[in-house]
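Participant: This is the structure I want to talk about, given as structure tokens.
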Amino acid sequence: MKQDAPDCVVTLISLAQKFQLENGGFLPFGYVLDGGERKYQATDSEDAKEIISVLDTIFRDRAAQGSLEWASLCTDIRVFDREAYPDGTDAIQVAYENRAGQSVNYYVPYQEGADGALDYQPLFARDKERRWFS
């Protein structure tokens with residue numbers, strides 16, 4: 001298990017938490033190191049599946065061109081983990097891949113408390129299949 005998340009993952013988690021606090025949620029968005037520049041990636045769509053599909057295509061294309069060092073995609077999901085959450089829980093997920101071969105899903109589970117505030121649980125990570133870098 002990879003508990004030490006890259007700084008780009010920490011940045012996305014912090015931003016997602018800010019969006020949840022200010023807006024009650026967020027749509028998927030990305031963050032990449034492309035041509036030596038860090039760039040946020042988003043679309044005008046309000047359909048989460050469409051956003052993920054568009055960003056997947058952009059990430060695969062840029063990786064194939066050789067300009068991406070790493071890519072990360074932040075989503076709000078329901079996660080089921082045999083060890084930690086066998087019945088499932090809401091979580092911020094950051095899918096991360098880099099050119100060197102690392103491919104990890106990072107999760108920050110959360111639950112809404114009685115007062116409506118979100119209670120974030122510790123980050124955990126699981127290896128994932130590569131989908132952007134071949």
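Letters for chains follow the order of the structure tokens (A, B, ...), residue numbers begin at 1 for each chain, and ligand numbers begin at 1 in the order shown.
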Distance table requested - range 67-113 of chain A against range 5-29 of chain A, cut-off 12 Å, only C-alpha atoms: one row per qualifying residue with the closest atom pair and its distance in Å to one decimal, ordered by chain and rising residue number, as a tab-separated table.

Facilitator:
residue	atom	partner	partner_atom	distance
A:Glu69	CA	A:Cys8	CA	11.8
A:Trp70	CA	A:Cys8	CA	9.2
A:Ala71	CA	A:Cys8	CA	8.9
A:Ser72	CA	A:Val9	CA	7.1
A:Leu73	CA	A:Phe29	CA	5.8
A:Cys74	CA	A:Phe29	CA	5.4
A:Thr75	CA	A:Pro28	CA	4.6
A:Asp76	CA	A:Pro28	CA	7.2
A:Ile77	CA	A:Pro28	CA	9.9
A:Asp90	CA	A:Gly25	CA	11.5
A:Ala91	CA	A:Ile13	CA	10.3
A:Ile92	CA	A:Ile13	CA	6.9
A:Gln93	CA	A:Ile13	CA	8.0
A:Val94	CA	A:Val9	CA	6.4
A:Ala95	CA	A:Val9	CA	8.4
A:Tyr96	CA	A:Val9	CA	7.4
A:Glu97	CA	A:Pro6	CA	10.4
A:Asn98	CA	A:Pro6	CA	10.5
A:Gln102	CA	A:Pro6	CA	10.8
A:Ser103	CA	A:Ala5	CA	11.5
A:Val104	CA	A:Ala5	CA	9.3
A:Asn105	CA	A:Val9	CA	9.7
A:Tyr106	CA	A:Ala5	CA	7.6
A:Tyr107	CA	A:Ile13	CA	8.9
A:Val108	CA	A:Ile13	CA	7.8
A:Pro109	CA	A:Ile13	CA	10.9
A:Tyr110	CA	A:Gln17	CA	10.1
A:Gln111	CA	A:Gln20	CA	12.0
A:Glu112	CA	A:Gly24	CA	11.1

Participant: Skip range 42-59 of chain A itself and residues of its chain fewer than 3 positions away, then list as number ranges by chain all residues within 6 Å of it, counting only C-alpha atoms.

Facilitator: A: 29, 62-63, 132

Participant: If I take CA of Arg60 in chain A and CA of Leu123 in chain A, how far is one from the other in Å, to one decimal?

Facilitator: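 One can read the CA of Arg60 in chain A to CA of Leu123 in chain A distance as 26.5 Å.
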
Participant: Hey, can you check how far CA of Thr89 in chain A sits from CA of Ala125 in chain A?

Facilitator: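 Taking CA of Thr89 in chain A and CA of Ala125 in chain A, their separation equals 14.7 Å.
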
Participant: Determine which residues of range 45-86 of chain A receive a DSSP assignment of alpha helix (DSSP H), computed from the backbone, and state them as a compact mmCIF listing (two decimals) with C-alpha atoms, in the first residue's frame.

Facilitator:
# COMPACT_ATOMS: atom_id res chain seq x y z
CA ALA A 48 -19.43 13.02 -14.73
CA LYS A 49 -19.11 10.01 -17.06
CA GLU A 50 -18.63 12.28 -20.07
CA ILE A 51 -16.00 14.35 -18.23
CA ILE A 52 -14.06 11.22 -17.27
CA SER A 53 -14.22 9.92 -20.85
CA VAL A 54 -12.99 13.24 -22.30
CA LEU A 55 -10.15 13.55 -19.78
CA ASP A 56 -9.13 9.90 -20.32
CA THR A 57 -8.83 10.61 -24.04
CA ILE A 58 -6.83 13.81 -23.47
CA PHE A 59 -4.49 12.06 -21.02
CA ARG A 60 -3.92 9.05 -23.34
CA ASP A 61 -3.26 11.31 -26.34
CA ARG A 62 -0.82 13.58 -24.46
CA ALA A 63 0.95 10.57 -22.93
CA ALA A 64 1.30 8.97 -26.38
CA GLN A 65 2.84 12.21 -27.67
